[in-house]
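As stored in data_3.txt (compact mmCIF, C-alpha atoms and all ligand atoms):
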```
# COMPACT_ATOMS: atom_id res chain seq x y z
CA MET A 741 -16.21 20.75 -24.59
CA PRO A 742 -18.71 17.94 -25.22
CA ASN A 743 -17.85 14.54 -23.81
CA ILE A 744 -17.73 11.45 -25.99
CA VAL A 745 -18.22 8.00 -24.45
CA ASN A 746 -16.13 5.79 -26.71
CA GLU A 747 -17.20 2.47 -25.23
CA VAL A 748 -19.68 0.81 -27.61
CA LYS A 749 -23.22 0.54 -26.22
CA LEU A 750 -25.37 -2.28 -27.51
CA ASP A 751 -28.91 -3.00 -28.62
CA PHE A 752 -30.76 -6.33 -28.79
CA LYS A 753 -29.86 -6.65 -32.46
CA ASP A 754 -26.12 -6.50 -31.67
CA VAL A 755 -25.96 -9.67 -29.56
CA LEU A 756 -26.99 -13.29 -29.24
CA LEU A 757 -27.20 -15.47 -26.14
CA ARG A 758 -24.51 -18.16 -26.09
CA PRO A 759 -25.81 -21.69 -25.49
CA LYS A 760 -24.50 -23.47 -22.40
CA ARG A 761 -24.35 -27.01 -21.05
CA SER A 762 -27.62 -27.76 -19.35
CA THR A 763 -29.17 -30.46 -17.20
CA LEU A 764 -32.73 -29.44 -18.08
CA ARG A 765 -34.63 -32.20 -19.84
CA SER A 766 -37.45 -30.17 -21.32
CA ARG A 767 -38.75 -26.65 -21.81
CA ASN A 768 -41.56 -27.72 -19.55
CA ASP A 769 -39.11 -27.83 -16.63
CA VAL A 770 -38.55 -24.06 -16.84
CA ASP A 771 -40.35 -21.90 -14.28
CA LEU A 772 -41.21 -18.45 -15.67
CA TYR A 773 -42.83 -17.19 -12.47
CA ARG A 774 -40.88 -14.84 -10.25
CA GLU A 775 -41.53 -13.91 -6.67
CA ILE A 776 -40.28 -10.43 -5.84
CA THR A 777 -40.51 -8.38 -2.65
CA PHE A 778 -40.22 -4.68 -3.37
CA LYS A 779 -37.88 -2.31 -1.59
CA ASN A 780 -40.21 0.52 -0.65
CA SER A 781 -43.74 -0.91 -0.70
CA LYS A 782 -42.58 -4.16 1.01
CA GLN A 783 -45.23 -5.92 -1.06
CA THR A 784 -44.57 -9.33 -2.58
CA TYR A 785 -45.48 -10.05 -6.18
CA LYS A 786 -45.69 -13.43 -7.90
CA GLY A 787 -46.19 -13.67 -11.64
CA VAL A 788 -44.66 -14.00 -15.08
CA PRO A 789 -42.92 -10.61 -15.32
CA VAL A 790 -43.89 -9.73 -18.88
CA MET A 791 -45.96 -6.55 -19.14
CA ALA A 792 -48.26 -4.90 -21.63
CA SER A 793 -47.40 -1.22 -21.98
CA ASN A 794 -49.66 1.52 -20.60
CA MET A 795 -50.24 2.86 -24.13
CA ASP A 796 -53.93 3.57 -24.74
CA THR A 797 -54.23 0.89 -27.45
CA ILE A 798 -52.33 -1.75 -25.43
CA GLY A 799 -52.98 -1.28 -21.70
CA THR A 800 -56.67 -2.17 -21.95
CA PHE A 801 -58.99 -4.08 -19.63
CA GLU A 802 -59.53 -6.65 -22.41
CA MET A 803 -55.76 -7.18 -22.63
CA ALA A 804 -55.51 -7.57 -18.84
CA LYS A 805 -58.17 -10.29 -18.80
CA VAL A 806 -56.17 -12.51 -21.18
CA LEU A 807 -52.68 -11.69 -19.91
CA SER A 808 -53.63 -12.22 -16.30
CA LYS A 809 -54.86 -15.74 -17.10
CA HIS A 810 -51.27 -16.58 -18.02
CA GLY A 811 -49.76 -14.73 -15.05
CA LEU A 812 -48.65 -11.72 -17.14
CA PHE A 813 -49.04 -8.09 -16.10
CA THR A 814 -50.85 -5.15 -17.72
CA THR A 815 -50.15 -1.51 -16.94
CA MET A 816 -53.49 0.12 -17.67
CA HIS A 817 -53.58 3.30 -19.68
CA LYS A 818 -54.55 6.39 -17.71
CA TYR A 819 -57.70 7.30 -19.64
CA TYR A 820 -60.22 4.93 -18.03
CA THR A 821 -62.78 6.66 -15.84
CA THR A 822 -63.31 5.68 -12.22
CA GLU A 823 -66.68 4.18 -13.17
CA GLU A 824 -65.01 1.96 -15.79
CA TRP A 825 -62.43 0.89 -13.20
CA ILE A 826 -65.12 0.00 -10.66
CA LYS A 827 -67.03 -2.09 -13.20
CA PHE A 828 -63.88 -3.92 -14.30
CA ALA A 829 -62.81 -4.60 -10.72
CA GLU A 830 -66.22 -6.01 -9.78
CA GLU A 831 -66.32 -8.30 -12.80
CA ASN A 832 -62.65 -9.37 -12.76
CA PRO A 833 -61.39 -9.54 -9.18
CA ASP A 834 -58.73 -12.13 -10.11
CA CYS A 835 -57.04 -9.73 -12.54
CA LEU A 836 -56.37 -7.00 -10.01
CA LYS A 837 -53.11 -8.41 -8.68
CA ASN A 838 -51.65 -8.29 -12.20
CA ILE A 839 -52.43 -4.69 -13.14
CA ALA A 840 -51.22 -1.19 -12.40
CA ALA A 841 -53.06 2.12 -12.51
CA SER A 842 -51.09 4.74 -14.45
CA SER A 843 -50.54 8.43 -14.01
CA GLY A 844 -48.58 11.20 -15.68
CA THR A 845 -47.61 14.44 -13.99
CA GLY A 846 -50.17 16.60 -15.74
CA LYS A 847 -52.91 18.76 -14.28
CA GLY A 848 -55.47 16.62 -12.45
CA ASP A 849 -53.43 13.38 -12.78
CA PHE A 850 -52.82 12.96 -9.04
CA GLU A 851 -56.49 13.53 -8.22
CA ARG A 852 -57.60 11.06 -10.91
CA LEU A 853 -55.15 8.39 -9.68
CA SER A 854 -56.20 8.90 -6.05
CA GLU A 855 -59.88 8.63 -6.94
CA ILE A 856 -59.35 5.33 -8.78
CA LEU A 857 -57.22 3.80 -6.03
CA LYS A 858 -59.72 4.84 -3.39
CA ALA A 859 -62.65 3.42 -5.37
CA VAL A 860 -60.95 0.14 -6.31
CA THR A 861 -59.22 -1.82 -3.59
CA GLY A 862 -56.92 -4.64 -4.67
CA VAL A 863 -54.89 -2.67 -7.23
CA ASN A 864 -51.48 -2.54 -5.58
CA PHE A 865 -49.35 -1.12 -8.40
CA ILE A 866 -49.00 2.47 -9.57
CA CYS A 867 -47.20 3.32 -12.81
CA LEU A 868 -45.85 6.88 -13.00
CA ASP A 869 -44.92 7.36 -16.60
CA VAL A 870 -43.36 10.37 -18.30
CA ALA A 871 -41.29 10.56 -21.46
CA ASN A 872 -38.41 12.18 -19.57
CA GLY A 873 -37.89 10.82 -16.07
CA TYR A 874 -34.94 13.15 -15.47
CA SER A 875 -36.91 16.21 -14.45
CA GLN A 876 -36.94 17.43 -10.87
CA HIS A 877 -40.68 17.99 -11.24
CA PHE A 878 -41.09 14.23 -11.82
CA VAL A 879 -39.00 13.37 -8.75
CA GLU A 880 -41.18 15.67 -6.64
CA TYR A 881 -44.33 14.11 -8.06
CA LEU A 882 -42.98 10.64 -7.23
CA ARG A 883 -42.34 11.75 -3.64
CA GLN A 884 -45.89 13.11 -3.41
CA VAL A 885 -47.36 9.81 -4.65
CA ARG A 886 -45.13 7.78 -2.30
CA ALA A 887 -46.27 9.87 0.67
CA ALA A 888 -49.93 9.37 -0.26
CA PHE A 889 -49.60 5.64 -1.02
CA PRO A 890 -46.94 4.22 1.31
CA THR A 891 -47.74 0.54 0.65
CA HIS A 892 -48.41 0.61 -3.09
CA THR A 893 -45.67 -0.66 -5.39
CA ILE A 894 -44.59 2.28 -7.51
CA ILE A 895 -43.20 1.96 -11.03
CA ALA A 896 -41.47 5.13 -12.26
CA GLY A 897 -39.75 6.17 -15.46
CA ASN A 898 -38.48 6.44 -18.06
CA VAL A 899 -34.75 6.78 -17.60
CA VAL A 900 -31.67 5.02 -19.02
CA THR A 901 -28.78 5.69 -16.66
CA GLY A 902 -27.76 4.36 -13.27
CA GLU A 903 -27.61 7.65 -11.39
CA MET A 904 -31.23 8.48 -12.20
CA VAL A 905 -32.34 4.93 -11.37
CA GLU A 906 -30.81 5.46 -7.92
CA GLU A 907 -32.41 8.85 -7.48
CA LEU A 908 -35.88 7.50 -8.31
CA ILE A 909 -35.51 4.49 -6.00
CA LEU A 910 -34.31 6.71 -3.16
CA SER A 911 -37.29 8.99 -3.84
CA GLY A 912 -39.73 6.14 -3.24
CA ALA A 913 -39.99 4.11 -6.46
CA ASP A 914 -39.82 0.30 -6.34
CA ILE A 915 -39.42 -0.48 -10.04
CA ILE A 916 -37.75 1.78 -12.60
CA LYS A 917 -38.91 1.82 -16.20
CA VAL A 918 -35.87 1.85 -18.48
CA GLY A 919 -35.90 2.97 -22.10
CA ILE A 920 -35.66 6.24 -23.98
CA GLY A 921 -36.20 5.99 -27.68
CA PRO A 922 -36.21 2.23 -28.43
CA GLY A 923 -39.98 1.92 -28.94
CA SER A 924 -41.57 0.63 -32.14
CA VAL A 925 -43.64 3.79 -32.65
CA CYS A 926 -41.26 6.21 -30.98
CA THR A 927 -39.52 8.96 -32.93
CA THR A 928 -37.67 10.63 -30.03
CA ARG A 929 -34.25 9.67 -31.39
CA ILE A 930 -35.12 11.19 -34.77
CA LYS A 931 -36.70 14.34 -33.38
CA THR A 932 -34.20 15.00 -30.60
CA GLY A 933 -31.09 12.89 -31.13
CA VAL A 934 -31.49 11.65 -27.54
CA GLY A 935 -31.47 7.99 -26.48
CA TYR A 936 -29.41 5.06 -25.22
CA PRO A 937 -29.01 1.61 -26.80
CA GLN A 938 -31.48 -0.53 -24.91
CA LEU A 939 -29.44 -3.64 -24.04
CA SER A 940 -26.68 -1.55 -22.44
CA ALA A 941 -29.25 0.66 -20.70
CA VAL A 942 -30.85 -2.44 -19.18
CA ILE A 943 -27.51 -3.94 -18.05
CA GLU A 944 -26.37 -0.69 -16.45
CA CYS A 945 -29.71 0.26 -14.89
CA ALA A 946 -30.30 -3.25 -13.51
CA ASP A 947 -26.90 -3.10 -11.85
CA ALA A 948 -27.70 0.27 -10.27
CA ALA A 949 -31.19 -0.80 -9.14
CA HIS A 950 -30.15 -4.17 -7.74
CA GLY A 951 -27.40 -2.49 -5.74
CA LEU A 952 -30.17 -0.67 -3.86
CA LYS A 953 -32.50 -3.70 -3.78
CA GLY A 954 -34.70 -2.00 -6.38
CA HIS A 955 -35.96 -3.51 -9.63
CA ILE A 956 -36.26 -2.49 -13.27
CA ILE A 957 -38.48 -2.91 -16.30
CA ALA A 958 -36.89 -3.08 -19.75
CA ASP A 959 -39.43 -0.95 -21.62
CA GLY A 960 -39.49 -0.88 -25.40
CA GLY A 961 -37.48 -2.20 -28.28
CA CYS A 962 -38.46 -5.88 -28.11
CA THR A 963 -39.47 -7.04 -31.57
CA CYS A 964 -39.64 -10.80 -30.97
CA PRO A 965 -39.54 -13.35 -28.12
CA GLY A 966 -35.75 -13.55 -28.53
CA ASP A 967 -35.44 -9.87 -27.62
CA VAL A 968 -37.55 -10.47 -24.51
CA ALA A 969 -35.16 -13.28 -23.52
CA LYS A 970 -32.17 -10.98 -24.10
CA ALA A 971 -33.76 -8.27 -21.92
CA PHE A 972 -34.22 -10.74 -19.06
CA GLY A 973 -30.69 -12.05 -19.67
CA ALA A 974 -29.41 -8.47 -19.38
CA GLY A 975 -30.88 -8.26 -15.88
CA ALA A 976 -34.39 -6.89 -16.38
CA ASP A 977 -36.81 -7.97 -13.66
CA PHE A 978 -39.77 -7.19 -15.92
CA VAL A 979 -40.02 -6.70 -19.68
CA MET A 980 -42.63 -4.33 -21.09
CA ALA A 981 -43.81 -4.35 -24.68
CA GLY A 982 -46.17 -2.32 -26.81
CA GLY A 983 -45.60 -3.29 -30.43
CA MET A 984 -45.47 -7.03 -29.76
CA PHE A 985 -48.95 -6.83 -28.21
CA ALA A 986 -50.33 -4.52 -30.92
CA GLY A 987 -52.77 -5.57 -33.67
CA HIS A 988 -54.84 -7.95 -31.54
CA GLU A 989 -58.54 -8.25 -30.73
CA GLN A 990 -57.85 -7.05 -27.20
CA CYS A 991 -56.26 -3.79 -28.38
CA ALA A 992 -58.13 -0.52 -28.58
CA GLY A 993 -57.79 1.44 -31.81
CA GLU A 994 -59.56 1.46 -35.10
CA LEU A 995 -59.92 -1.78 -37.10
CA ILE A 996 -59.30 -0.97 -40.77
CA GLU A 997 -60.33 -3.21 -43.69
CA ARG A 998 -58.64 -2.70 -47.06
CA ASP A 999 -58.43 -5.01 -50.08
CA GLY A 1000 -59.82 -7.87 -48.00
CA LYS A 1001 -57.12 -7.44 -45.32
CA LYS A 1002 -57.58 -6.24 -41.74
CA TYR A 1003 -55.31 -3.86 -39.85
CA LYS A 1004 -55.39 -2.28 -36.42
CA MET A 1005 -54.23 1.28 -35.76
CA PHE A 1006 -51.31 1.52 -33.35
CA TYR A 1007 -49.66 4.79 -32.37
CA GLY A 1008 -47.15 6.28 -29.95
CA MET A 1009 -48.46 8.13 -26.93
CA SER A 1010 -46.58 11.25 -28.11
CA SER A 1011 -47.81 10.92 -31.69
CA SER A 1012 -50.07 13.54 -33.19
CA VAL A 1013 -52.91 10.94 -33.22
CA ALA A 1014 -52.65 10.45 -29.44
CA MET A 1015 -52.29 14.17 -28.78
CA GLU A 1016 -55.35 14.94 -30.92
CA LYS A 1017 -57.30 12.32 -29.01
CA HIS A 1018 -56.32 13.26 -25.47
CA SER A 1019 -55.07 16.85 -25.51
CA GLY A 1020 -56.88 18.40 -28.44
CA GLY A 1021 -53.80 18.57 -30.68
CA VAL A 1022 -50.04 19.01 -30.69
CA ALA A 1023 -49.10 22.07 -28.63
CA GLU A 1024 -47.48 24.97 -30.49
CA TYR A 1025 -44.17 24.66 -28.61
CA ARG A 1026 -43.50 20.96 -29.23
CA SER A 1027 -43.27 18.35 -31.96
CA SER A 1028 -44.77 14.88 -31.84
CA GLU A 1029 -42.31 12.17 -30.80
CA GLY A 1030 -44.31 9.19 -31.94
CA LYS A 1031 -45.78 7.81 -35.11
CA SER A 1032 -48.87 5.85 -36.06
CA VAL A 1033 -48.88 2.61 -38.02
CA GLU A 1034 -51.38 0.09 -39.32
CA VAL A 1035 -50.53 -3.32 -37.87
CA PRO A 1036 -51.84 -6.41 -39.73
CA PHE A 1037 -54.62 -7.87 -37.58
CA LYS A 1038 -53.30 -10.77 -35.48
CA GLY A 1039 -56.47 -12.09 -33.79
CA ASP A 1040 -56.42 -13.23 -30.17
CA VAL A 1041 -53.44 -12.05 -28.11
CA GLU A 1042 -53.32 -15.46 -26.44
CA VAL A 1043 -51.40 -16.77 -29.46
CA THR A 1044 -48.74 -14.07 -29.02
CA VAL A 1045 -48.56 -14.70 -25.27
CA LYS A 1046 -47.89 -18.40 -25.88
CA ASP A 1047 -45.26 -17.50 -28.48
CA ILE A 1048 -43.44 -15.22 -26.02
CA LEU A 1049 -43.61 -17.71 -23.15
CA GLY A 1050 -42.54 -20.59 -25.41
CA GLY A 1051 -39.55 -18.57 -26.63
CA LEU A 1052 -38.57 -17.66 -23.09
CA ARG A 1053 -38.74 -21.28 -21.90
CA SER A 1054 -36.63 -22.34 -24.83
CA ALA A 1055 -34.05 -19.58 -24.22
CA CYS A 1056 -33.77 -20.76 -20.60
CA THR A 1057 -33.16 -24.37 -21.68
CA TYR A 1058 -30.50 -23.28 -24.20
CA VAL A 1059 -28.50 -21.51 -21.50
CA GLY A 1060 -29.32 -23.94 -18.68
CA ALA A 1061 -31.51 -21.70 -16.53
CA ALA A 1062 -34.14 -23.67 -14.60
CA CYS A 1063 -36.09 -20.49 -13.88
CA LEU A 1064 -36.31 -16.95 -15.22
CA ARG A 1065 -34.48 -15.59 -12.19
CA GLU A 1066 -31.42 -17.64 -13.19
CA LEU A 1067 -31.31 -16.32 -16.74
CA PRO A 1068 -28.99 -13.31 -16.14
CA ARG A 1069 -26.57 -15.54 -14.21
CA ARG A 1070 -26.44 -17.96 -17.13
CA ALA A 1071 -26.34 -15.28 -19.84
CA THR A 1072 -23.25 -14.63 -21.92
CA PHE A 1073 -23.88 -12.26 -24.81
CA ILE A 1074 -21.96 -12.68 -28.03
CA ARG A 1075 -21.56 -9.56 -30.12
CA CYS A 1076 -22.53 -10.30 -33.68
CA THR A 1077 -22.72 -8.63 -37.04
CA GLN A 1078 -25.66 -10.66 -38.30
CA GLN A 1079 -28.40 -12.41 -36.40
CA VAL A 1080 -30.64 -14.05 -38.90
CA ASN A 1081 -30.57 -15.49 -42.39
CA ASN A 1082 -32.76 -13.22 -44.50
CA ILE A 1083 -32.83 -15.23 -47.70
CA TYR A 1084 -36.60 -15.91 -47.55
CA SER A 1085 -37.73 -12.70 -45.85
P1 LIG A 1101 -42.34 -1.14 -28.07
O1 LIG A 1101 -42.56 -2.37 -27.22
O2 LIG A 1101 -43.50 -0.86 -28.93
O3 LIG A 1101 -41.05 -1.19 -28.81
O4 LIG A 1101 -42.17 0.07 -27.04
C1 LIG A 1101 -43.20 0.42 -26.16
C2 LIG A 1101 -42.76 1.62 -25.35
O5 LIG A 1101 -42.51 2.76 -26.19
C3 LIG A 1101 -43.83 2.12 -24.39
O6 LIG A 1101 -43.99 1.33 -23.26
C4 LIG A 1101 -43.33 3.54 -24.10
O7 LIG A 1101 -42.34 3.56 -23.11
C5 LIG A 1101 -42.70 3.94 -25.43
N1 LIG A 1101 -43.58 4.84 -26.19
C6 LIG A 1101 -44.90 4.71 -26.46
N2 LIG A 1101 -45.33 5.72 -27.22
C7 LIG A 1101 -44.29 6.53 -27.45
C8 LIG A 1101 -44.12 7.76 -28.16
O8 LIG A 1101 -45.02 8.29 -28.79
N3 LIG A 1101 -42.88 8.30 -28.13
C9 LIG A 1101 -41.85 7.72 -27.43
N4 LIG A 1101 -40.68 8.34 -27.41
N5 LIG A 1101 -41.96 6.55 -26.79
C10 LIG A 1101 -43.17 5.96 -26.79
```

Starting from the coordinates I provided, produce the structure as C-alpha cells.
Ligand code: 5GP
Amino acid sequence: MPNIVNEVKLDFKDVLLRPKRSTLRSRNDVDLYREITFKNSKQTYKGVPVMASNMDTIGTFEMAKVLSKHGLFTTMHKYYTTEEWIKFAEENPDCLKNIAASSGTGKGDFERLSEILKAVTGVNFICLDVANGYSQHFVEYLRQVRAAFPTHTIIAGNVVTGEMVEELILSGADIIKVGIGPGSVCTTRIKTGVGYPQLSAVIECADAAHGLKGHIIADGGCTCPGDVAKAFGAGADFVMAGGMFAGHEQCAGELIERDGKKYKMFYGMSSSVAMEKHSGGVAEYRSSEGKSVEVPFKGDVEVTVKDILGGLRSACTYVGAACLRELPRRATFIRCTQQVNNIYS
C-alpha cells in the first residue's frame, strides 16, 4: 500500500520571516561573509555563500568575474575546455577561490574533470551534479572522485531527504545540493510527479547534514531576495540560483531583439534545447525535464547582486541577526495564505 505523509511540507511562498527585536543600528552592521571548514576536505572557505548555478547559461567565466568581486561563488558549467580554463585562471587568479569545476557522471566526465583540475591549480571545489542524486551509480562516482581528490571540497546532489544527505556525506561529499523540482525552468514535477517542497527540504536536509558536520546548498526555487533570505533562515549554508541570475550581460545564451525589446534565452539543463546543444538531441527513451524561456534583458548582473545582498542585510536586521550565520537561529517562519499585495502587478 502506498504511504501518505500527512504533515504539510512548505515552500518559500507559504511562509514569511517574523520580525524580532533587534539591537542592530543599520543594515551596514550585518556581516554576510561566512567562514566554513568542511568535514571531508578540511578546507576552510570564506565568502558570501550565494552561488550561481552550474547551468551553461549561468555558470560562466564572465559571471564568476563579477560575482567573485562581491565575494559570491560561481559553479562553472561543465562544458568549458581545459584550454579555456587555463586562460581564465591565468587572467583571473583572484576568482579561483570562489569557483567550482563541475562534473556529471557521464562517459568521459571523470577524465575531463581530472584534466581541468590538474591543469589549473587553485580551484578547490568540485561540483558533482546529477538530476537524481539517489542512484547507487552516483554514490560510487562520488567515492571515486573523493579518492582521487582527497583535499578538494566536494559538492554533490541533488537530493531532498535527510537519509540521502547522510549517505552522500559519509561517501565523501562536503556540501549537499538540495532541490528536486523547484527550479524556474524545471519541469520534473510535471513530467514525473516527483519532488519535495523546497523550504521543508532545506530545513530537513540542513538538520541531517549539520548533525554530521556537513553542509548544504539550497538549490533552486528562489524567485526574489526574500526567498534567498528564507532559504538561509531555513538552515542553508549556501543558496544557489539560476533564474535570478538569468537575463544578464554575463550570461551565455542568445540575445534576442523583438519590437525594440531585448531578451536573453534561458533554459533548463534537461530541456530539449540543452540536450540538442550538448548531446545531439533528446534520447528516445526519455523526455525533457526542462523548458526554455526568453528572459527580458537585465543588463549588468552587478545590479542583481546588490539587490540580493541588500535584501539579505535587511532580512538580517528585521530578525536581529548580526551575521548570516545567525539567521537560522533568529528565524521564525509564519505560515501564510498571502504574501504580497498584487493590486498593481
Ligand atoms: P532556479 O534558481 O532557476 O529556480 O533553479 C536553478 C536550479 O534548477 C539549478 O541549479 C538546477 O539544480 C535546476 N535545474 C536546471 N535545469 C534544470 C532542468 O532542466 N530540469 C530540472 N529538473 N532542474 C533543472

Exercise for the section: Within 9 Å of Leu836 in chain A, counting all atoms listed in the file, which residues show up once you throw out same-chain ones fewer than 3 positions away? Write them as number ranges by chain, please. Expected result: A: 804, 808, 829, 832-833, 839-840, 861-864

Go through chain A and flag each residue having an atom no more than 7 Å from ligand LIG 1101 (chain A); for those, report the closest pair of atoms plus their distance in Å to one decimal, using all atoms listed in the file, ordered by chain and rising number, as a tab-separated table.
```
residue	atom	partner	partner_atom	distance
A:Ser793	CA	A:LIG1101	O6	4.4
A:Asn794	CA	A:LIG1101	O6	6.3
A:Met795	CA	A:LIG1101	C6	6.1
A:Ala871	CA	A:LIG1101	N4	6.4
A:Asn898	CA	A:LIG1101	O7	7.0
A:Gly919	CA	A:LIG1101	O7	6.5
A:Ile920	CA	A:LIG1101	N4	6.4
A:Gly921	CA	A:LIG1101	N4	5.1
A:Pro922	CA	A:LIG1101	O3	5.9
A:Gly923	CA	A:LIG1101	O3	3.3
A:Ser924	CA	A:LIG1101	O3	3.8
A:Val925	CA	A:LIG1101	C7	5.9
A:Cys926	CA	A:LIG1101	N3	3.9
A:Thr927	CA	A:LIG1101	N4	5.7
A:Thr928	CA	A:LIG1101	N4	4.6
A:Asp959	CA	A:LIG1101	O6	5.4
A:Gly960	CA	A:LIG1101	O4	3.3
A:Gly961	CA	A:LIG1101	O3	3.7
A:Cys962	CA	A:LIG1101	O3	5.4
A:Thr963	CA	A:LIG1101	O3	6.7
A:Met980	CA	A:LIG1101	O6	6.2
A:Ala981	CA	A:LIG1101	O1	3.5
A:Gly982	CA	A:LIG1101	O1	3.6
A:Gly983	CA	A:LIG1101	O2	3.5
A:Met984	CA	A:LIG1101	O1	6.1
A:Tyr1007	CA	A:LIG1101	N2	6.8
A:Gly1008	CA	A:LIG1101	O8	3.2
A:Met1009	CA	A:LIG1101	O8	3.9
A:Ser1010	CA	A:LIG1101	O8	3.4
A:Ser1011	CA	A:LIG1101	O8	4.8
A:Glu1029	CA	A:LIG1101	N3	4.7
A:Gly1030	CA	A:LIG1101	O8	3.4
A:Lys1031	CA	A:LIG1101	O8	6.4
```

Dump of C-alpha atoms for the selected residues, as a PDB file, keeping the file's coordinate frame:
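And here is the file that came out, part24.pdb:
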```pdb
ATOM      1  CA  SER A 793     -47.400  -1.220 -21.980  1.00  0.00           C
ATOM      2  CA  ASN A 794     -49.660   1.520 -20.600  1.00  0.00           C
ATOM      3  CA  MET A 795     -50.240   2.860 -24.130  1.00  0.00           C
ATOM      4  CA  ALA A 871     -41.290  10.560 -21.460  1.00  0.00           C
ATOM      5  CA  ASN A 898     -38.480   6.440 -18.060  1.00  0.00           C
ATOM      6  CA  GLY A 919     -35.900   2.970 -22.100  1.00  0.00           C
ATOM      7  CA  ILE A 920     -35.660   6.240 -23.980  1.00  0.00           C
ATOM      8  CA  GLY A 921     -36.200   5.990 -27.680  1.00  0.00           C
ATOM      9  CA  PRO A 922     -36.210   2.230 -28.430  1.00  0.00           C
ATOM     10  CA  GLY A 923     -39.980   1.920 -28.940  1.00  0.00           C
ATOM     11  CA  SER A 924     -41.570   0.630 -32.140  1.00  0.00           C
ATOM     12  CA  VAL A 925     -43.640   3.790 -32.650  1.00  0.00           C
ATOM     13  CA  CYS A 926     -41.260   6.210 -30.980  1.00  0.00           C
ATOM     14  CA  THR A 927     -39.520   8.960 -32.930  1.00  0.00           C
ATOM     15  CA  THR A 928     -37.670  10.630 -30.030  1.00  0.00           C
ATOM     16  CA  ASP A 959     -39.430  -0.950 -21.620  1.00  0.00           C
ATOM     17  CA  GLY A 960     -39.490  -0.880 -25.400  1.00  0.00           C
ATOM     18  CA  GLY A 961     -37.480  -2.200 -28.280  1.00  0.00           C
ATOM     19  CA  CYS A 962     -38.460  -5.880 -28.110  1.00  0.00           C
ATOM     20  CA  THR A 963     -39.470  -7.040 -31.570  1.00  0.00           C
ATOM     21  CA  MET A 980     -42.630  -4.330 -21.090  1.00  0.00           C
ATOM     22  CA  ALA A 981     -43.810  -4.350 -24.680  1.00  0.00           C
ATOM     23  CA  GLY A 982     -46.170  -2.320 -26.810  1.00  0.00           C
ATOM     24  CA  GLY A 983     -45.600  -3.290 -30.430  1.00  0.00           C
ATOM     25  CA  MET A 984     -45.470  -7.030 -29.760  1.00  0.00           C
ATOM     26  CA  TYR A1007     -49.660   4.790 -32.370  1.00  0.00           C
ATOM     27  CA  GLY A1008     -47.150   6.280 -29.950  1.00  0.00           C
ATOM     28  CA  MET A1009     -48.460   8.130 -26.930  1.00  0.00           C
ATOM     29  CA  SER A1010     -46.580  11.250 -28.110  1.00  0.00           C
ATOM     30  CA  SER A1011     -47.810  10.920 -31.690  1.00  0.00           C
ATOM     31  CA  GLU A1029     -42.310  12.170 -30.800  1.00  0.00           C
ATOM     32  CA  GLY A1030     -44.310   9.190 -31.940  1.00  0.00           C
ATOM     33  CA  LYS A1031     -45.780   7.810 -35.110  1.00  0.00           C
TER      34      LYS A1031
END
```

Practice task
Work out how far CA of Phe813 in chain A is from CA of Val899 in chain A, in Å to one decimal.
Solution key: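 Spanning CA of Val899 in chain A to CA of Phe813 in chain A is a straight-line distance of 20.7 Å.
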
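The residue that comes closest to Lys847 in chain A, out of A:Gly873, A:Val979, A:Asp751, A:Ser1019 and on the basis of only C-alpha atoms, is A:Ser1019.
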
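Coordinates place CA of Asp914 in chain A at a distance of 25.6 Å from CA of Ala1061 in chain A.
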
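Nearest-residue note for Glu851 in chain A: choosing from A:Ala888, A:Cys867, A:Cys945, A:Lys827, the minimum distance belongs to A:Ala888, counting all atoms listed in the file.
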
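The list of residues with at least one atom within 7 Å of Gly954 in chain A, based on all atoms listed in the file and without residues fewer than 3 positions apart in the same chain, reads Phe778, Lys779, Ile909, Asp914, Ile915, Ala949 and His950 of chain A.
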
Could you work out an axis-aligned box for range 858-865 of chain A, taking every atom the file lists and adding 6 Å on each side, and report centre and edge lengths in Å to one decimal, as JSON?
```
{"center_x": -56.0, "center_y": 0.1, "center_z": -5.9, "size_x": 25.3, "size_y": 21.5, "size_z": 17.0}
```

Problem - Pick from A:Val1080, A:Val770, A:Met1015, A:Leu908, whichever lies nearest to Glu1066 in chain A using only C-alpha atoms - result: A:Val770

Problem - Residue contacts of Lys786 in chain A (8 Å, all atoms listed in the file) excluding same-chain residues fewer than 4 positions away, as an MDAnalysis selection string - result: chainID A and resid 773:776

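For the pair CA of Val942 in chain A and CA of Phe972 in chain A, the separation is 9.0 Å.
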
Handout entry: Surrounding residues of Cys991 in chain A excluding itself and chain neighbours under 6 positions, 10 Å, all atoms listed in the file, as number ranges by chain
Key = A: 795-803, 985, 1004-1006, 1039-1041
